Amino acid sequence: MRITNKNGAVEVTDFGEINLDLTLDCGQSFRWNKTGDGEWSGIAYGKSIGVRKTKDGLLFFGTDAAEVNSLWAHYFDLTRDYDKYLQVLSADEAVRGAIERYGTIRILNQEPWETMCSFIISACNNIPRIKQIIEKLCACFGTPLPDGTYTFPSAETVASLTEKDLSPIRAGFRAPYIISAARTVSADGGIFDRLRCESETEARRELMRFRGIGKKVADCIMLFSLGCDTVFPMDTHVIAAVASLYPNGLPKCFEVFPGLAQQYVFHAHRTESQRDSVRQPSQGGR
């Protein structure tokens, strides 16, 4: 990986490949938005940043080389050799087609409390509404940044709130779960460090003790913020994809990186669904 200053921005090259659009808009994180000129703007770890895909790599705005090296390279998982994982996953025909179609999806390394709260909000929800609720949460209770955006509120801040305080964000039945989780995390400042050191089974069990966190949400927290890439999160879409593509069980090649395989399974299924809708337009699309 090479990091260089370039016309007031910072360029990262020699790290492999990334489908930036899909990585930032496939349901891993909910605080990224694409602007008209193809740049993605987002807030993570209390910092606002812009990023754009270039021919040679990624171009970062609003940061410096030291911060890219210490934070954003990790956030975008740029130091991991994805080619070796994709080569193994390509043994499966459906995933190979998705890799050829979509390129490299990278798994983001996010802040654990934000990830926990975001995926509690994601329950029985769709991405546009999830993003809307989270933006309202940040605007109401986060810290303002110089560019007019807001940080994600800390667990301590949310722990001090009531359900009535949260009513403007329109989180519905999720409001008490958000507050309960914040109070637990606030009271146990080392919880996420401890979870990182536990086995997959133990970490999942502890996360599922939180109100509003089932297996799927626990697995998403583990995959997207705790470095546990052995999980295979299963929401209704992925369950449908697995039933359609793998009625006899997941292929052995998925064991190399189940969390990454899960991303491609969904998109492989979506691709096939789109093809079916073209072949049989009278039956409608997904």
# chains A, B, ... in the order shown; residues from 1 in each chain; ligands from 1

$ select_by_dssp --residues "range 18-259 of chain A" --states "strand (DSSP E or B)" --output "VMD selection string"
chain A and resid 32 to 34 40 to 44 47 to 53 57 to 61 144 150

$ closest_atom_pairs --of "range 174-257 of chain A" --to "range 87-104 of chain A" --cutoff "12 Å" --atoms "only C-alpha atoms" --output "tab-separated table"
residue	atom	partner	partner_atom	distance
A:Ala241	CA	A:Ala94	CA	10.6
A:Val242	CA	A:Ala94	CA	10.9
A:Ser244	CA	A:Ala94	CA	10.9
A:Leu245	CA	A:Ala94	CA	7.6
A:Tyr246	CA	A:Ala94	CA	9.8
A:Leu250	CA	A:Asp92	CA	9.7
A:Pro251	CA	A:Asp92	CA	7.2
A:Lys252	CA	A:Asp92	CA	9.1
A:Cys253	CA	A:Leu89	CA	5.6
A:Phe254	CA	A:Leu89	CA	6.1
A:Glu255	CA	A:Leu89	CA	8.9
A:Val256	CA	A:Val88	CA	7.3
A:Phe257	CA	A:Leu89	CA	8.2

$ closest_atom_pairs --of "range 19-120 of chain A" --to "range 129-143 of chain A" --cutoff "8 Å" --atoms "only C-alpha atoms" --output "Markdown table"
| residue | atom | partner | partner_atom | distance |
| --- | --- | --- | --- | --- |
| A:Phe30 | CA | A:Lys131 | CA | 5.3 |
| A:Arg31 | CA | A:Lys131 | CA | 6.7 |
| A:Ser118 | CA | A:Ile134 | CA | 7.0 |

$ closest_residue --among "A:Phe76, A:Gly27, A:Phe173, A:Val185" --to "Gly212 in chain A" --atoms "only C-alpha atoms"
A:Phe173

$ atom_distance --atom1 "CA of His267 in chain A" --atom2 "CA of Ile49 in chain A"
27.3 Å

$ select_by_dssp --residues "range 6-111 of chain A" --states "alpha helix (DSSP H)" --output "list of chain:residue names"
A:Leu20, A:Asp21, A:Leu22, A:Thr23, A:Leu24, A:Ala65, A:Ala66, A:Glu67, A:Ala73, A:His74, A:Tyr75, A:Tyr82, A:Asp83, A:Lys84, A:Tyr85, A:Leu86, A:Gln87, A:Val88, A:Leu89, A:Glu93, A:Ala94, A:Val95, A:Arg96, A:Gly97, A:Ala98, A:Ile99, A:Glu100, A:Arg101, A:Tyr102

$ residues_around --residues "range 190-206 of chain A" --least-positions-apart "3" --cutoff "6 Å" --atoms "only C-alpha atoms" --output "PyMOL selection string"
chain A and resi 209+218+226

$ decode --residues "range 185-197 of chain A" --atoms "all heavy atoms" --output "PDB file, in the first residue's frame"
ATOM      1  N   VAL A 185     -23.551  -0.419  27.578  1.00  0.00           N
ATOM      2  CA  VAL A 185     -22.219  -0.121  27.039  1.00  0.00           C
ATOM      3  C   VAL A 185     -21.555   0.979  27.855  1.00  0.00           C
ATOM      4  O   VAL A 185     -20.349   0.923  28.145  1.00  0.00           O
ATOM      5  CB  VAL A 185     -22.332   0.290  25.554  1.00  0.00           C
ATOM      6  CG1 VAL A 185     -21.006   0.836  25.030  1.00  0.00           C
ATOM      7  CG2 VAL A 185     -22.774  -0.898  24.708  1.00  0.00           C
ATOM      8  N   SER A 186     -22.332   1.988  28.246  1.00  0.00           N
ATOM      9  CA  SER A 186     -21.786   3.086  29.040  1.00  0.00           C
ATOM     10  C   SER A 186     -21.288   2.609  30.398  1.00  0.00           C
ATOM     11  O   SER A 186     -20.255   3.073  30.896  1.00  0.00           O
ATOM     12  CB  SER A 186     -22.862   4.164  29.215  1.00  0.00           C
ATOM     13  OG  SER A 186     -22.395   5.226  30.010  1.00  0.00           O
ATOM     14  N   ALA A 187     -22.008   1.661  30.976  1.00  0.00           N
ATOM     15  CA  ALA A 187     -21.631   1.152  32.302  1.00  0.00           C
ATOM     16  C   ALA A 187     -20.455   0.187  32.250  1.00  0.00           C
ATOM     17  O   ALA A 187     -19.783  -0.040  33.266  1.00  0.00           O
ATOM     18  CB  ALA A 187     -22.832   0.463  32.948  1.00  0.00           C
ATOM     19  N   ASP A 188     -20.213  -0.387  31.086  1.00  0.00           N
ATOM     20  CA  ASP A 188     -19.144  -1.378  30.921  1.00  0.00           C
ATOM     21  C   ASP A 188     -18.235  -0.914  29.788  1.00  0.00           C
ATOM     22  O   ASP A 188     -18.337  -1.372  28.655  1.00  0.00           O
ATOM     23  CB  ASP A 188     -19.742  -2.752  30.614  1.00  0.00           C
ATOM     24  CG  ASP A 188     -18.687  -3.849  30.502  1.00  0.00           C
ATOM     25  OD1 ASP A 188     -17.483  -3.538  30.641  1.00  0.00           O
ATOM     26  OD2 ASP A 188     -19.070  -5.015  30.266  1.00  0.00           O
ATOM     27  N   GLY A 189     -17.344   0.008  30.091  1.00  0.00           N
ATOM     28  CA  GLY A 189     -16.518   0.627  29.064  1.00  0.00           C
ATOM     29  C   GLY A 189     -15.611  -0.332  28.311  1.00  0.00           C
ATOM     30  O   GLY A 189     -15.161  -0.024  27.208  1.00  0.00           O
ATOM     31  N   GLY A 190     -15.339  -1.502  28.876  1.00  0.00           N
ATOM     32  CA  GLY A 190     -14.444  -2.450  28.211  1.00  0.00           C
ATOM     33  C   GLY A 190     -15.149  -3.558  27.464  1.00  0.00           C
ATOM     34  O   GLY A 190     -14.500  -4.530  27.045  1.00  0.00           O
ATOM     35  N   ILE A 191     -16.445  -3.431  27.280  1.00  0.00           N
ATOM     36  CA  ILE A 191     -17.206  -4.547  26.717  1.00  0.00           C
ATOM     37  C   ILE A 191     -16.732  -4.935  25.326  1.00  0.00           C
ATOM     38  O   ILE A 191     -16.585  -6.122  25.022  1.00  0.00           O
ATOM     39  CB  ILE A 191     -18.719  -4.234  26.707  1.00  0.00           C
ATOM     40  CG1 ILE A 191     -19.494  -5.468  26.216  1.00  0.00           C
ATOM     41  CG2 ILE A 191     -19.050  -2.999  25.878  1.00  0.00           C
ATOM     42  CD1 ILE A 191     -20.996  -5.346  26.381  1.00  0.00           C
ATOM     43  N   PHE A 192     -16.458  -3.972  24.462  1.00  0.00           N
ATOM     44  CA  PHE A 192     -16.097  -4.326  23.095  1.00  0.00           C
ATOM     45  C   PHE A 192     -14.678  -4.904  23.017  1.00  0.00           C
ATOM     46  O   PHE A 192     -14.426  -5.811  22.215  1.00  0.00           O
ATOM     47  CB  PHE A 192     -16.260  -3.116  22.174  1.00  0.00           C
ATOM     48  CG  PHE A 192     -17.688  -2.677  22.025  1.00  0.00           C
ATOM     49  CD1 PHE A 192     -18.091  -1.408  22.410  1.00  0.00           C
ATOM     50  CD2 PHE A 192     -18.647  -3.550  21.517  1.00  0.00           C
ATOM     51  CE1 PHE A 192     -19.416  -1.002  22.277  1.00  0.00           C
ATOM     52  CE2 PHE A 192     -19.977  -3.159  21.379  1.00  0.00           C
ATOM     53  CZ  PHE A 192     -20.354  -1.879  21.765  1.00  0.00           C
ATOM     54  N   ASP A 193     -13.773  -4.409  23.831  1.00  0.00           N
ATOM     55  CA  ASP A 193     -12.435  -5.007  23.878  1.00  0.00           C
ATOM     56  C   ASP A 193     -12.530  -6.457  24.348  1.00  0.00           C
ATOM     57  O   ASP A 193     -11.813  -7.333  23.836  1.00  0.00           O
ATOM     58  CB  ASP A 193     -11.534  -4.211  24.822  1.00  0.00           C
ATOM     59  CG  ASP A 193     -11.159  -2.853  24.257  1.00  0.00           C
ATOM     60  OD1 ASP A 193     -11.179  -2.699  23.019  1.00  0.00           O
ATOM     61  OD2 ASP A 193     -10.862  -1.938  25.055  1.00  0.00           O
ATOM     62  N   ARG A 194     -13.398  -6.707  25.301  1.00  0.00           N
ATOM     63  CA  ARG A 194     -13.566  -8.071  25.795  1.00  0.00           C
ATOM     64  C   ARG A 194     -14.168  -8.974  24.725  1.00  0.00           C
ATOM     65  O   ARG A 194     -13.733 -10.115  24.534  1.00  0.00           O
ATOM     66  CB  ARG A 194     -14.453  -8.058  27.041  1.00  0.00           C
ATOM     67  CG  ARG A 194     -14.575  -9.429  27.712  1.00  0.00           C
ATOM     68  CD  ARG A 194     -15.318  -9.341  29.029  1.00  0.00           C
ATOM     69  NE  ARG A 194     -16.729  -9.011  28.859  1.00  0.00           N
ATOM     70  CZ  ARG A 194     -17.267  -7.841  29.172  1.00  0.00           C
ATOM     71  NH1 ARG A 194     -16.511  -6.865  29.651  1.00  0.00           N
ATOM     72  NH2 ARG A 194     -18.555  -7.632  29.001  1.00  0.00           N
ATOM     73  N   LEU A 195     -15.168  -8.453  24.011  1.00  0.00           N
ATOM     74  CA  LEU A 195     -15.815  -9.257  22.973  1.00  0.00           C
ATOM     75  C   LEU A 195     -14.840  -9.633  21.859  1.00  0.00           C
ATOM     76  O   LEU A 195     -14.922 -10.722  21.299  1.00  0.00           O
ATOM     77  CB  LEU A 195     -17.004  -8.492  22.383  1.00  0.00           C
ATOM     78  CG  LEU A 195     -18.231  -8.345  23.290  1.00  0.00           C
ATOM     79  CD1 LEU A 195     -19.250  -7.410  22.659  1.00  0.00           C
ATOM     80  CD2 LEU A 195     -18.856  -9.706  23.566  1.00  0.00           C
ATOM     81  N   ARG A 196     -13.905  -8.741  21.550  1.00  0.00           N
ATOM     82  CA  ARG A 196     -12.909  -9.035  20.513  1.00  0.00           C
ATOM     83  C   ARG A 196     -12.041 -10.229  20.897  1.00  0.00           C
ATOM     84  O   ARG A 196     -11.514 -10.927  20.025  1.00  0.00           O
ATOM     85  CB  ARG A 196     -12.012  -7.822  20.273  1.00  0.00           C
ATOM     86  CG  ARG A 196     -12.656  -6.715  19.462  1.00  0.00           C
ATOM     87  CD  ARG A 196     -11.603  -5.689  19.039  1.00  0.00           C
ATOM     88  NE  ARG A 196     -12.191  -4.614  18.261  1.00  0.00           N
ATOM     89  CZ  ARG A 196     -12.590  -3.453  18.768  1.00  0.00           C
ATOM     90  NH1 ARG A 196     -12.458  -3.236  20.073  1.00  0.00           N
ATOM     91  NH2 ARG A 196     -13.110  -2.523  17.997  1.00  0.00           N
ATOM     92  N   CYS A 197     -11.871 -10.441  22.181  1.00  0.00           N
ATOM     93  CA  CYS A 197     -10.993 -11.516  22.654  1.00  0.00           C
ATOM     94  C   CYS A 197     -11.735 -12.836  22.860  1.00  0.00           C
ATOM     95  O   CYS A 197     -11.100 -13.863  23.119  1.00  0.00           O
ATOM     96  CB  CYS A 197     -10.324 -11.104  23.961  1.00  0.00           C
ATOM     97  SG  CYS A 197      -9.243  -9.663  23.817  1.00  0.00           S
TER      98      CYS A 197
END
